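Below is final_22.txt, which holds compact mmCIF, C-alpha atoms and all ligand atoms.
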```
# COMPACT_ATOMS: atom_id res chain seq x y z
CA MET A 231 0.00 0.00 0.00
CA ASN A 232 1.23 3.51 -0.69
CA HIS A 233 0.02 7.08 -0.59
CA PHE A 234 0.41 8.00 -4.26
CA GLU A 235 -3.13 8.33 -5.66
CA TYR A 236 -5.06 10.35 -8.18
CA ARG A 237 -7.17 13.06 -6.64
CA ASP A 238 -9.33 15.23 -8.86
CA GLY A 239 -7.52 13.81 -11.87
CA VAL A 240 -4.00 14.60 -10.66
CA LEU A 241 -1.44 12.32 -9.04
CA HIS A 242 -0.89 13.26 -5.41
CA ALA A 243 1.73 12.27 -2.89
CA GLU A 244 -0.40 12.17 0.27
CA GLY A 245 -2.06 15.61 0.30
CA VAL A 246 0.30 17.29 -2.15
CA SER A 247 -0.22 17.51 -5.88
CA VAL A 248 2.77 16.25 -7.83
CA PRO A 249 2.62 19.14 -10.37
CA ASP A 250 2.88 21.59 -7.45
CA ILE A 251 6.15 19.98 -6.41
CA ALA A 252 7.36 19.96 -10.02
CA ALA A 253 6.60 23.67 -10.28
CA ALA A 254 8.64 24.39 -7.17
CA THR A 255 11.56 22.04 -7.78
CA GLY A 256 11.78 21.40 -11.49
CA THR A 257 12.14 17.91 -12.90
CA PRO A 258 13.26 15.22 -12.51
CA PHE A 259 12.94 14.62 -8.78
CA TYR A 260 12.41 11.82 -6.31
CA CYS A 261 9.37 12.17 -4.08
CA TYR A 262 8.94 10.17 -0.88
CA SER A 263 5.86 9.75 1.27
CA SER A 264 6.35 9.85 5.04
CA ALA A 265 3.03 8.10 5.66
CA THR A 266 4.07 5.22 3.41
CA LEU A 267 7.48 4.86 5.04
CA GLU A 268 5.83 4.86 8.44
CA ARG A 269 3.12 2.45 7.42
CA HIS A 270 5.57 -0.08 6.01
CA TYR A 271 7.69 0.11 9.14
CA GLU A 272 4.64 -0.36 11.37
CA VAL A 273 3.25 -3.28 9.35
CA PHE A 274 6.58 -5.08 9.58
CA SER A 275 7.00 -4.24 13.23
CA GLN A 276 3.44 -5.34 14.10
CA ALA A 277 4.02 -8.65 12.34
CA PHE A 278 6.68 -9.47 14.93
CA LYS A 279 4.71 -8.45 17.98
CA GLY A 280 5.11 -11.27 20.46
CA GLN A 281 8.53 -12.29 19.15
CA LYS A 282 11.76 -10.77 20.46
CA ALA A 283 12.53 -8.81 17.34
CA ARG A 284 14.09 -5.53 16.38
CA ILE A 285 14.23 -3.76 13.05
CA CYS A 286 17.46 -2.30 11.74
CA TYR A 287 16.49 -0.47 8.56
CA ALA A 288 18.97 -1.20 5.74
CA ILE A 289 20.31 2.27 5.07
CA LYS A 290 21.58 1.37 1.62
CA ALA A 291 18.05 1.18 0.21
CA ASN A 292 17.49 4.89 0.77
CA SER A 293 20.00 6.78 2.84
CA ASN A 294 18.57 10.29 2.81
CA LEU A 295 18.93 11.66 6.33
CA ALA A 296 15.29 12.73 6.47
CA VAL A 297 14.14 9.25 5.48
CA ILE A 298 16.36 7.64 8.12
CA ARG A 299 15.16 10.09 10.75
CA THR A 300 11.52 9.43 9.89
CA LEU A 301 12.14 5.77 10.68
CA ALA A 302 14.44 6.41 13.65
CA ARG A 303 11.60 8.34 15.28
CA LEU A 304 9.51 5.19 15.16
CA GLY A 305 12.28 3.30 16.93
CA ALA A 306 14.12 1.82 13.97
CA GLY A 307 17.75 0.85 14.25
CA ALA A 308 20.03 0.75 11.25
CA ASP A 309 21.95 -1.78 9.19
CA VAL A 310 24.94 -0.07 7.60
CA VAL A 311 27.53 -1.33 5.12
CA SER A 312 30.13 1.45 5.21
CA GLU A 313 31.51 4.17 7.45
CA GLY A 314 29.60 6.67 5.37
CA GLU A 315 26.30 4.93 6.07
CA LEU A 316 27.23 4.62 9.73
CA ARG A 317 27.79 8.37 9.85
CA ARG A 318 24.44 8.92 8.14
CA ALA A 319 22.63 6.70 10.65
CA LEU A 320 24.19 8.55 13.58
CA ALA A 321 23.57 11.96 12.00
CA ALA A 322 19.90 11.06 11.50
CA GLY A 323 19.55 10.19 15.17
CA VAL A 324 19.83 6.40 15.25
CA PRO A 325 21.56 5.48 18.53
CA ALA A 326 24.78 3.49 18.09
CA SER A 327 23.26 0.82 20.32
CA LYS A 328 20.79 0.03 17.53
CA ILE A 329 23.28 -0.14 14.68
CA VAL A 330 24.60 -3.31 13.06
CA PHE A 331 27.47 -3.18 10.58
CA SER A 332 27.23 -5.53 7.60
CA GLY A 333 29.23 -5.67 4.37
CA VAL A 334 31.90 -7.93 2.92
CA ALA A 335 35.01 -5.84 3.47
CA LYS A 336 35.19 -3.53 6.44
CA THR A 337 38.52 -1.75 6.53
CA ASP A 338 40.57 -1.23 9.69
CA ALA A 339 39.60 2.44 9.66
CA GLU A 340 35.89 1.57 9.41
CA ILE A 341 36.17 -1.01 12.17
CA ALA A 342 37.95 1.47 14.44
CA PHE A 343 35.35 4.16 13.81
CA ALA A 344 32.51 1.73 14.52
CA LEU A 345 34.14 0.60 17.76
CA ASP A 346 34.78 4.18 18.73
CA VAL A 347 31.13 5.20 18.39
CA GLY A 348 30.03 1.95 20.05
CA ILE A 349 27.84 0.18 17.51
CA ASP A 350 25.89 -2.81 18.67
CA GLN A 351 27.11 -5.59 16.39
CA PHE A 352 29.45 -6.45 13.54
CA ASN A 353 28.14 -8.95 11.02
CA VAL A 354 31.34 -10.67 9.96
CA GLU A 355 31.65 -12.00 6.46
CA SER A 356 35.01 -13.81 6.37
CA GLU A 357 37.80 -15.20 8.51
CA PRO A 358 40.29 -12.45 7.57
CA GLU A 359 37.68 -9.86 8.51
CA LEU A 360 37.13 -11.58 11.85
CA ASP A 361 40.87 -11.45 12.50
CA ALA A 362 40.99 -7.77 11.54
CA ILE A 363 38.14 -6.90 13.91
CA SER A 364 39.89 -8.79 16.71
CA ARG A 365 43.20 -7.04 16.05
CA VAL A 366 41.67 -3.55 15.87
CA ALA A 367 39.40 -4.08 18.89
CA ALA A 368 42.16 -5.55 21.05
CA GLY A 369 44.45 -2.69 20.05
CA MET A 370 41.82 -0.22 21.25
CA GLY A 371 41.14 -2.15 24.43
CA LYS A 372 37.58 -2.79 23.29
CA THR A 373 35.37 -5.79 22.67
CA ALA A 374 33.48 -6.17 19.42
CA ARG A 375 30.20 -8.02 19.56
CA VAL A 376 29.99 -10.15 16.45
CA ALA A 377 27.64 -12.37 14.54
CA LEU A 378 29.07 -14.48 11.75
CA ARG A 379 27.24 -14.14 8.48
CA VAL A 380 26.85 -17.62 7.10
CA ASN A 381 26.23 -18.40 3.48
CA PRO A 382 23.62 -21.17 3.55
CA ASP A 383 23.99 -22.02 -0.15
CA VAL A 384 20.32 -21.46 -0.92
CA ASP A 385 18.92 -20.24 -4.22
CA ALA A 386 16.94 -17.10 -3.40
CA LYS A 387 15.10 -17.30 -6.76
CA THR A 388 15.58 -13.63 -7.43
CA HIS A 389 17.54 -11.65 -10.04
CA GLU A 390 21.11 -12.98 -10.19
CA LYS A 391 22.55 -9.57 -9.32
CA ILE A 392 20.70 -9.44 -6.02
CA ALA A 393 21.08 -13.09 -4.98
CA THR A 394 23.63 -13.36 -2.15
CA GLY A 395 23.07 -16.74 -0.51
CA LYS A 396 24.59 -19.20 -2.99
CA ALA A 397 28.03 -20.74 -2.51
CA GLU A 398 29.20 -18.96 -5.66
CA ASN A 399 28.37 -15.51 -4.18
CA LYS A 400 31.01 -13.48 -2.37
CA PHE A 401 28.87 -13.05 0.72
CA GLY A 402 29.22 -14.73 4.09
CA ILE A 403 31.10 -17.71 5.43
CA SER A 404 30.31 -21.13 4.01
CA TRP A 405 27.91 -22.86 6.37
CA ARG A 406 30.14 -25.93 6.19
CA ARG A 407 33.11 -23.94 7.48
CA ALA A 408 31.10 -22.02 10.06
CA PRO A 409 31.72 -24.38 13.04
CA ALA A 410 35.48 -24.08 12.57
CA VAL A 411 35.28 -20.29 12.27
CA TYR A 412 33.17 -20.05 15.44
CA ALA A 413 35.76 -22.21 17.24
CA HIS A 414 38.49 -19.87 16.01
CA ALA A 415 36.49 -16.78 17.00
CA ARG A 416 36.29 -18.04 20.56
CA THR A 417 40.08 -17.92 20.86
CA LEU A 418 40.40 -14.34 19.61
CA PRO A 419 40.94 -11.30 21.87
CA GLY A 420 38.51 -8.42 21.52
CA ILE A 421 35.71 -10.62 20.18
CA GLU A 422 32.43 -11.53 21.83
CA ILE A 423 30.36 -13.95 19.79
CA SER A 424 26.70 -13.19 20.17
CA GLY A 425 25.02 -14.75 17.24
CA ILE A 426 24.60 -15.73 13.67
CA ASP A 427 23.56 -13.74 10.61
CA VAL A 428 22.14 -14.57 7.20
CA HIS A 429 20.94 -12.54 4.22
CA ILE A 430 20.25 -14.51 1.06
CA GLY A 431 19.19 -11.79 -1.34
CA SER A 432 16.76 -9.06 -2.18
CA GLN A 433 13.30 -8.86 -3.74
CA LEU A 434 12.37 -12.39 -2.68
CA THR A 435 8.77 -13.06 -3.60
CA ASP A 436 8.53 -16.57 -2.19
CA LEU A 437 8.94 -17.71 1.42
CA GLU A 438 10.46 -21.05 0.51
CA PRO A 439 14.11 -19.92 0.09
CA PHE A 440 13.84 -17.98 3.35
CA SER A 441 12.47 -20.96 5.24
CA THR A 442 15.14 -23.28 3.79
CA ALA A 443 17.87 -20.85 4.84
CA PHE A 444 16.36 -20.14 8.26
CA THR A 445 15.92 -23.85 8.99
CA ARG A 446 19.58 -24.37 8.16
CA VAL A 447 20.48 -21.45 10.46
CA GLY A 448 18.37 -22.93 13.25
CA GLU A 449 20.15 -26.26 12.96
CA MET A 450 23.44 -24.42 13.08
CA VAL A 451 22.45 -22.55 16.24
CA GLU A 452 21.72 -25.87 17.94
CA ALA A 453 25.02 -27.34 16.78
CA LEU A 454 26.94 -24.25 17.92
CA ARG A 455 25.25 -24.31 21.29
CA ALA A 456 26.19 -27.97 21.61
CA ASP A 457 29.77 -26.87 20.96
CA GLY A 458 29.48 -24.50 23.91
CA HIS A 459 28.90 -21.21 22.08
CA ASN A 460 26.52 -18.77 23.68
CA ILE A 461 24.27 -17.97 20.71
CA THR A 462 21.53 -15.61 21.79
CA ARG A 463 20.92 -13.60 18.64
CA ILE A 464 19.91 -14.34 15.09
CA ASP A 465 20.06 -11.66 12.41
CA LEU A 466 17.89 -12.66 9.47
CA GLY A 467 18.84 -9.84 7.12
CA GLY A 468 16.35 -8.24 4.77
CA GLY A 469 15.14 -9.25 1.37
CA LEU A 470 11.38 -9.56 1.56
CA GLY A 471 10.07 -8.42 -1.82
CA ILE A 472 7.54 -5.75 -2.70
CA PRO A 473 4.92 -5.48 -5.43
CA TYR A 474 6.26 -3.63 -8.47
CA ARG A 475 3.24 -4.41 -10.68
CA GLY A 476 0.44 -3.05 -8.58
CA ASP A 477 -1.62 -5.57 -6.65
CA ASN A 478 -1.40 -8.31 -9.27
CA ASP A 479 1.56 -10.26 -7.96
CA LEU A 480 1.70 -9.65 -4.27
CA PRO A 481 4.73 -11.05 -2.44
CA PRO A 482 4.10 -12.68 0.94
CA HIS A 483 2.74 -10.32 3.59
CA PRO A 484 5.03 -9.57 6.56
CA ASP A 485 2.52 -11.49 8.72
CA GLU A 486 3.15 -14.68 6.72
CA TYR A 487 6.88 -14.03 6.83
CA ALA A 488 6.75 -13.56 10.62
CA ALA A 489 4.74 -16.77 11.06
CA MET A 490 7.34 -18.65 9.01
CA VAL A 491 10.12 -17.18 11.19
CA LYS A 492 8.34 -18.31 14.32
CA ARG A 493 7.84 -21.78 12.85
CA THR A 494 11.47 -22.22 11.83
CA LEU A 495 13.30 -20.46 14.68
CA GLY A 496 10.82 -19.75 17.49
CA HIS A 497 11.96 -22.73 19.59
CA LEU A 498 15.48 -21.27 19.95
CA ASP A 499 14.38 -18.28 22.05
CA CYS A 500 16.85 -15.94 20.36
CA GLU A 501 16.65 -12.18 19.93
CA LEU A 502 15.93 -11.55 16.27
CA THR A 503 17.19 -8.73 14.09
CA PHE A 504 15.66 -7.85 10.74
CA GLU A 505 17.23 -5.59 8.15
CA PRO A 506 14.47 -4.66 5.70
CA GLY A 507 15.32 -1.97 3.18
CA ARG A 508 13.26 -2.27 0.03
CA LEU A 509 10.16 -3.33 1.94
CA ILE A 510 10.17 -0.04 3.84
CA ALA A 511 11.31 2.41 1.18
CA GLY A 512 10.53 0.87 -2.21
CA ASN A 513 6.90 1.79 -2.62
CA ALA A 514 7.32 4.95 -0.56
CA GLY A 515 9.01 6.78 -3.42
CA ILE A 516 8.47 7.79 -7.03
CA LEU A 517 10.67 9.39 -9.64
CA VAL A 518 8.87 12.23 -11.37
CA THR A 519 10.04 13.13 -14.82
CA ARG A 520 8.86 15.28 -17.72
CA VAL A 521 8.43 14.22 -21.32
CA ILE A 522 10.91 16.08 -23.51
CA TYR A 523 9.96 14.58 -26.86
CA GLU A 524 7.76 11.96 -28.38
CA LYS A 525 9.92 10.53 -31.14
CA VAL A 526 8.34 8.34 -33.76
CA GLY A 527 10.91 5.88 -35.11
CA ASP A 528 10.62 3.32 -37.90
CA ASP A 529 10.04 0.54 -35.48
CA ARG A 530 9.00 2.12 -32.20
CA THR A 531 7.62 5.22 -30.67
CA PHE A 532 9.97 6.61 -28.05
CA LEU A 533 8.85 8.68 -25.14
CA ILE A 534 11.99 10.56 -24.18
CA VAL A 535 11.87 11.84 -20.62
CA ASP A 536 14.23 14.07 -18.67
CA ALA A 537 15.23 11.37 -16.16
CA GLY A 538 17.80 8.83 -17.19
CA MET A 539 19.57 5.67 -16.12
CA ASN A 540 21.97 7.81 -14.09
CA ASP A 541 18.98 8.79 -11.93
CA LEU A 542 17.39 5.35 -11.70
CA ILE A 543 19.53 2.46 -12.87
CA ARG A 544 17.33 -0.44 -11.74
CA PRO A 545 15.76 -1.19 -15.14
CA THR A 546 19.21 -1.33 -16.74
CA LEU A 547 21.03 -3.10 -13.92
CA TYR A 548 18.40 -5.60 -12.83
CA ASP A 549 15.97 -5.70 -15.75
CA ALA A 550 13.59 -4.25 -13.20
CA PHE A 551 9.98 -3.47 -14.02
CA HIS A 552 8.64 -0.12 -12.84
CA GLU A 553 5.08 0.92 -13.38
CA ILE A 554 4.87 4.25 -15.22
CA ARG A 555 1.91 6.50 -14.58
CA PRO A 556 0.95 9.76 -16.23
CA VAL A 557 0.63 12.44 -13.56
CA ALA A 558 -2.58 13.66 -15.20
CA GLU A 559 -5.08 10.85 -14.73
CA PRO A 560 -6.04 9.43 -18.13
CA ALA A 561 -9.69 9.66 -19.06
CA PRO A 562 -11.43 6.28 -19.17
CA GLY A 563 -10.97 4.77 -22.63
CA ALA A 564 -8.25 7.27 -23.59
CA GLU A 565 -6.21 6.36 -26.66
CA GLU A 566 -3.17 4.26 -25.80
CA VAL A 567 0.19 4.11 -27.51
CA GLU A 568 2.92 1.50 -27.16
CA TYR A 569 5.99 3.40 -26.01
CA ASP A 570 9.60 2.71 -25.29
CA VAL A 571 10.18 5.06 -22.39
CA VAL A 572 13.79 6.19 -22.52
CA GLY A 573 16.07 8.82 -20.99
CA PRO A 574 18.48 11.31 -22.57
CA VAL A 575 21.68 9.45 -21.63
CA CYS A 576 23.92 8.27 -24.46
CA GLU A 577 23.47 4.56 -23.77
CA THR A 578 21.03 2.12 -25.31
CA GLY A 579 20.58 0.75 -21.81
CA ASP A 580 19.01 4.06 -20.82
CA THR A 581 15.53 2.58 -21.10
CA PHE A 582 12.87 2.58 -18.38
CA ALA A 583 10.30 0.47 -20.22
CA ARG A 584 9.92 -1.27 -23.54
CA LYS A 585 6.66 -1.61 -25.46
CA ARG A 586 4.69 -0.13 -22.60
CA ARG A 587 1.06 0.78 -23.29
CA LEU A 588 0.38 4.26 -21.97
CA PRO A 589 -2.14 6.94 -22.83
CA ARG A 590 -0.81 9.21 -25.55
CA LEU A 591 1.54 11.74 -23.96
CA LYS A 592 3.18 14.84 -25.31
CA ALA A 593 6.17 17.05 -24.60
CA GLY A 594 5.83 18.76 -21.24
CA ASP A 595 3.63 16.08 -19.65
CA LEU A 596 4.72 14.70 -16.29
CA VAL A 597 5.02 10.99 -15.64
CA ALA A 598 5.82 9.11 -12.46
CA VAL A 599 8.07 6.08 -12.33
CA MET A 600 6.54 4.19 -9.43
CA SER A 601 8.18 2.09 -6.69
CA ALA A 602 11.44 4.02 -6.96
CA GLY A 603 12.00 4.73 -3.26
CA ALA A 604 14.56 1.96 -2.73
CA TYR A 605 17.80 1.58 -4.68
CA GLY A 606 16.89 4.66 -6.70
CA ALA A 607 18.49 7.90 -5.55
CA VAL A 608 21.22 6.02 -3.70
CA GLN A 609 22.50 4.51 -6.94
CA ALA A 610 22.30 7.73 -8.92
CA SER A 611 25.37 9.17 -10.59
CA GLU A 612 26.32 12.30 -12.50
CA TYR A 613 26.99 10.36 -15.70
CA ASN A 614 26.72 12.65 -18.74
CA THR A 615 27.34 15.47 -16.24
CA ARG A 616 23.73 15.41 -15.24
CA PRO A 617 23.05 16.91 -11.80
CA LEU A 618 21.91 14.45 -9.14
CA VAL A 619 18.15 14.74 -8.87
CA PRO A 620 16.70 16.41 -5.80
CA GLU A 621 14.75 14.46 -3.21
CA ILE A 622 11.44 15.67 -1.80
CA LEU A 623 9.78 14.37 1.34
CA VAL A 624 6.04 14.80 1.71
CA ARG A 625 4.19 14.76 4.99
CA GLY A 626 0.43 15.27 4.77
CA GLU A 627 -0.17 18.61 3.07
CA HIS A 628 3.49 19.62 3.31
CA PHE A 629 6.59 18.90 1.32
CA ALA A 630 10.23 19.76 1.76
CA GLU A 631 13.33 19.43 -0.33
CA VAL A 632 15.48 16.97 1.63
CA ARG A 633 18.27 17.01 -0.91
CA ALA A 634 18.81 19.91 -3.26
CA ARG A 635 19.74 19.72 -6.91
CA PRO A 636 23.38 20.79 -7.18
CA SER A 637 24.22 23.74 -9.39
CA TYR A 638 26.42 23.19 -12.43
CA ASP A 639 28.99 25.44 -10.78
CA ALA A 640 29.06 23.20 -7.72
CA MET A 641 29.45 20.13 -9.92
CA LEU A 642 32.33 21.59 -11.91
CA ARG A 643 34.04 22.86 -8.77
CA GLN A 644 34.56 19.26 -7.64
CA ASP A 645 37.24 18.81 -10.29
CA ILE A 646 40.64 20.26 -9.52
CA MET A 647 43.02 21.55 -12.13
CA PRO A 648 46.62 20.48 -11.40
CA ASP A 649 49.10 23.35 -11.25
CA TRP A 650 50.70 22.42 -14.59
CA LEU A 651 47.37 23.01 -16.28
CA SER A 652 46.25 26.13 -14.48
CA ASP A 653 47.24 29.10 -16.50
C1 LIG A 701 20.89 -5.11 0.99
C2 LIG A 701 20.88 -5.74 2.32
C3 LIG A 701 19.73 -5.67 3.13
C4 LIG A 701 18.43 -5.06 2.64
O1 LIG A 701 17.86 -5.82 1.64
P1 LIG A 701 16.36 -5.47 1.15
O2 LIG A 701 16.14 -6.42 0.06
O3 LIG A 701 16.37 -4.06 0.71
O4 LIG A 701 15.46 -5.69 2.31
C5 LIG A 701 19.78 -6.20 4.40
N1 LIG A 701 20.92 -6.77 4.87
C6 LIG A 701 22.04 -6.86 4.13
C7 LIG A 701 23.24 -7.49 4.71
C8 LIG A 701 22.06 -6.34 2.84
O5 LIG A 701 23.17 -6.46 2.11
```

As structure tokens, how would this structure be written, given the file I've shared?
Ligand SMILES: *Cc1c(COP(=O)(O)O)cnc(C)c1O
Amino acid sequence: MNHFEYRDGVLHAEGVSVPDIAAATGTPFYCYSSATLERHYEVFSQAFKGQKARICYAIKANSNLAVIRTLARLGAGADVVSEGELRRALAAGVPASKIVFSGVAKTDAEIAFALDVGIDQFNVESEPELDAISRVAAGMGKTARVALRVNPDVDAKTHEKIATGKAENKFGISWRRAPAVYAHARTLPGIEISGIDVHIGSQLTDLEPFSTAFTRVGEMVEALRADGHNITRIDLGGGLGIPYRGDNDLPPHPDEYAAMVKRTLGHLDCELTFEPGRLIAGNAGILVTRVIYEKVGDDRTFLIVDAGMNDLIRPTLYDAFHEIRPVAEPAPGAEEVEYDVVGPVCETGDTFARKRRLPRLKAGDLVAVMSAGAYGAVQASEYNTRPLVPEILVRGEHFAEVRARPSYDAMLRQDIMPDWLSD
């Protein structure tokens, strides 16, 4: 469910008309709905009422400070994968005691910073990383609380670029090697083992891979406990999928997911951590763009819009489907055209949709690329020297720019002329 609806024939974000934002900000821009962010957080959180669970929002899905703060105010913790994200979480008001640090290659400097600010838990992805955390922590006279991220070798049945739980993926420690790594961890200074961690991929639309992985994790917890490890925590990562095609192919509801978690792991009486990203932010954001040209080719009709793959790379990177809606509500029975919706970037991959039936549109019309709140703005670049698009946060009848569009001057100032070229 989201709060982007037509009202009086115009797409609104909660109580704000999208053309009003476009008039104030220019296009393209990302627009997020506070009510949708909050609703998704609450639905997930409610699903785990009665289980010992906490939610650490995966910052990488959408790391705008205002988005993080909106969630932090509801009690969310944060899952971070870099020092930069850790700094964002802290700056947005997430207490260090609710922050877990994931990611395959934490550097010594990142580890030291995280220990210094006192994060709650490191999710460790390899033996060398475990040794590095031990060395840095011991050197600082601190103890790092760690969970080992195991790779359960489960096919997440999602796009290959967002599957992380197969043996061939770079993520986590092989579940076969895990007992030996736990035994090693116990001998290390500066390390307190608290649990186990798993994250098998993103945009999972079926519970079966989760339950296979979680069952394997549960068996591992029992085996580790039998070996004398004090395993009190299980971090189950994120990955629950969202609907990208309206209500036609709904992924499992958080309630069903929570029931499956209870079934597979409830008997272990562990504290659970969840790291949802997409589920919270995905359908809470849209990318609003303006048609520059309708170009009739020999073979296709192209709708060329002012947003490009540098602003939203998901269609190119993951073959992702995004619903595209005209901001002006089409009249019932309006003429439809089959469009390739493309951006201005000099790449054939700069395509948002192929052969998409849409009402006839013309230059100047606004369209919304839906479900763009997660892995949208965070993956944007300045390719083709296009300014990063601004981000707008709506709350009820109000909206605010929560990231401004940089000026061309500011963009060019980032480059530095070496002295042998400055004349
Ligand atoms: C990306 C990621 C998440 C969030 O995944 P979603 O599919 O957005 O829920 C959670 N945990 C880890 C370790 C990740 O890498």

Using only C-alpha atoms and all ligand atoms, which residues of chain A come within 6 Å of ligand LIG 701 (chain A), and what is the closest atom pair for each, with the distance in Å to one decimal? Give it as JSON lines, sorted by chain and residue number.
```
{"residue": "A:Ala288", "atom": "CA", "partner": "A:LIG701", "partner_atom": "C4", "distance": 5.0}
{"residue": "A:Ala291", "atom": "CA", "partner": "A:LIG701", "partner_atom": "O3", "distance": 5.5}
{"residue": "A:Ser332", "atom": "CA", "partner": "A:LIG701", "partner_atom": "C7", "distance": 5.3}
{"residue": "A:His429", "atom": "CA", "partner": "A:LIG701", "partner_atom": "C7", "distance": 5.6}
{"residue": "A:Ser432", "atom": "CA", "partner": "A:LIG701", "partner_atom": "O2", "distance": 3.5}
{"residue": "A:Gln433", "atom": "CA", "partner": "A:LIG701", "partner_atom": "O2", "distance": 5.3}
{"residue": "A:Gly467", "atom": "CA", "partner": "A:LIG701", "partner_atom": "N1", "distance": 4.3}
{"residue": "A:Gly468", "atom": "CA", "partner": "A:LIG701", "partner_atom": "O4", "distance": 3.7}
{"residue": "A:Gly469", "atom": "CA", "partner": "A:LIG701", "partner_atom": "O2", "distance": 3.3}
{"residue": "A:Leu470", "atom": "CA", "partner": "A:LIG701", "partner_atom": "O4", "distance": 5.7}
{"residue": "A:Glu505", "atom": "CA", "partner": "A:LIG701", "partner_atom": "C5", "distance": 4.6}
{"residue": "A:Pro506", "atom": "CA", "partner": "A:LIG701", "partner_atom": "O4", "distance": 3.7}
{"residue": "A:Gly507", "atom": "CA", "partner": "A:LIG701", "partner_atom": "O3", "distance": 3.4}
{"residue": "A:Arg508", "atom": "CA", "partner": "A:LIG701", "partner_atom": "O3", "distance": 3.7}
{"residue": "A:Leu509", "atom": "CA", "partner": "A:LIG701", "partner_atom": "O4", "distance": 5.8}
```

**Asked** Restricting the calculation to all atoms listed in the file, which member of A:Val619, A:Leu591, A:Val311, A:Ala377 is positioned closest to Ala537 of chain A?
**Response**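 Ranking A:Val619, A:Leu591, A:Val311, A:Ala377 by distance to Ala537 of chain A, first place goes to A:Val619.
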
**Request:** Find the residue from A:Ala604, A:Ala561, A:Val248, A:Met490 that sits nearest to Tyr287 of chain A; use all atoms listed in the file when measuring.
**Result:**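 Using all atoms listed in the file, the shortest distance to Tyr287 of chain A belongs to A:Ala604.
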
**Nearest to Pro419 of chain A by atom-to-atom distance, counting all atoms listed in the file, from A:Pro617, A:Gly369, A:Pro249, A:Gly239** =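 Comparing A:Pro617, A:Gly369, A:Pro249, A:Gly239 against Pro419 of chain A, the winner is A:Gly369.
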
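We find atom CA of Ala415 of chain A and atom CA of Ala443 of chain A to be spaced 22.6 Å apart.
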
**Item:** Contacts of Lys585 of chain A within 6 Å, all atoms listed in the file, excl. fewer than 6 positions in-chain, as JSON, numbers by chain
**Value:** {"A": [568, 569, 570]}

**Request:** For a cut-off of 7 Å around (7.5, 19.1, -21.3), file coordinates, pick out all residues using only C-alpha atoms and list them as an NGL selection string.
**Result:** :A and (520-522 or 593-595)

How would the residues just chosen look if you wrote them out with C-alpha atoms as a tab-separated table (two decimals), in the frame of the given file?
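Full text of result_32.tsv as output:
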```tsv
chain	number	residue	atom	x	y	z
A	520	ARG	CA	8.86	15.28	-17.72
A	521	VAL	CA	8.43	14.22	-21.32
A	522	ILE	CA	10.91	16.08	-23.51
A	593	ALA	CA	6.17	17.05	-24.60
A	594	GLY	CA	5.83	18.76	-21.24
A	595	ASP	CA	3.63	16.08	-19.65
```

Selection: 12 Å around Val567 of chain A, only C-alpha atoms, excl. self and same-chain fewer than 6 positions, as a short mmCIF file (atom, residue, chain, number, x, y, z; two decimals) with C-alpha atoms, keeping the file's coordinate frame:
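Contents of result_1.cif, as written:
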```cif
data_model
loop_
_atom_site.label_atom_id
_atom_site.label_comp_id
_atom_site.auth_asym_id
_atom_site.auth_seq_id
_atom_site.Cartn_x
_atom_site.Cartn_y
_atom_site.Cartn_z
CA GLU A 524 7.76 11.96 -28.38
CA VAL A 526 8.34 8.34 -33.76
CA ARG A 530 9.00 2.12 -32.20
CA THR A 531 7.62 5.22 -30.67
CA PHE A 532 9.97 6.61 -28.05
CA LEU A 533 8.85 8.68 -25.14
CA ARG A 584 9.92 -1.27 -23.54
CA LYS A 585 6.66 -1.61 -25.46
CA ARG A 586 4.69 -0.13 -22.60
CA ARG A 587 1.06 0.78 -23.29
CA LEU A 588 0.38 4.26 -21.97
CA PRO A 589 -2.14 6.94 -22.83
CA ARG A 590 -0.81 9.21 -25.55
CA LEU A 591 1.54 11.74 -23.96
CA LYS A 592 3.18 14.84 -25.31
#
```

**Prompt:** So how far away is atom CA of Arg317 of chain A from atom CA of Val624 of chain A, in Å?
**Reply:** 24.1 Å

**Asked** Out of A:Tyr548, A:Ile554, A:Asp465, A:Asn540, which residue has the shortest atom-to-atom distance to Thr615 of chain A when counting all atoms listed in the file?
**Response**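 When distances to Thr615 of chain A are compared using all atoms listed in the file, the smallest one comes from A:Asn540.
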
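Atom CA of Ala243 of chain A is found 18.9 Å from atom CA of Ile298 of chain A.
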
**Request:** Would you mind telling me which residue in A:Arg475, A:His497, A:Arg446, A:Arg544 lies nearest to Tyr605 of chain A when using all atoms listed in the file?
**Result:** A:Arg544

**Message:** Given the point (16.1, 8.6, 2.6) in the coordinates of this file, which residues lie within 9 Å, counting all atoms listed in the file, and how would they look as a ChimeraX atom specification?
**Reply:** /A:262,289,291-300,511,603-604,607-608,621,623,632
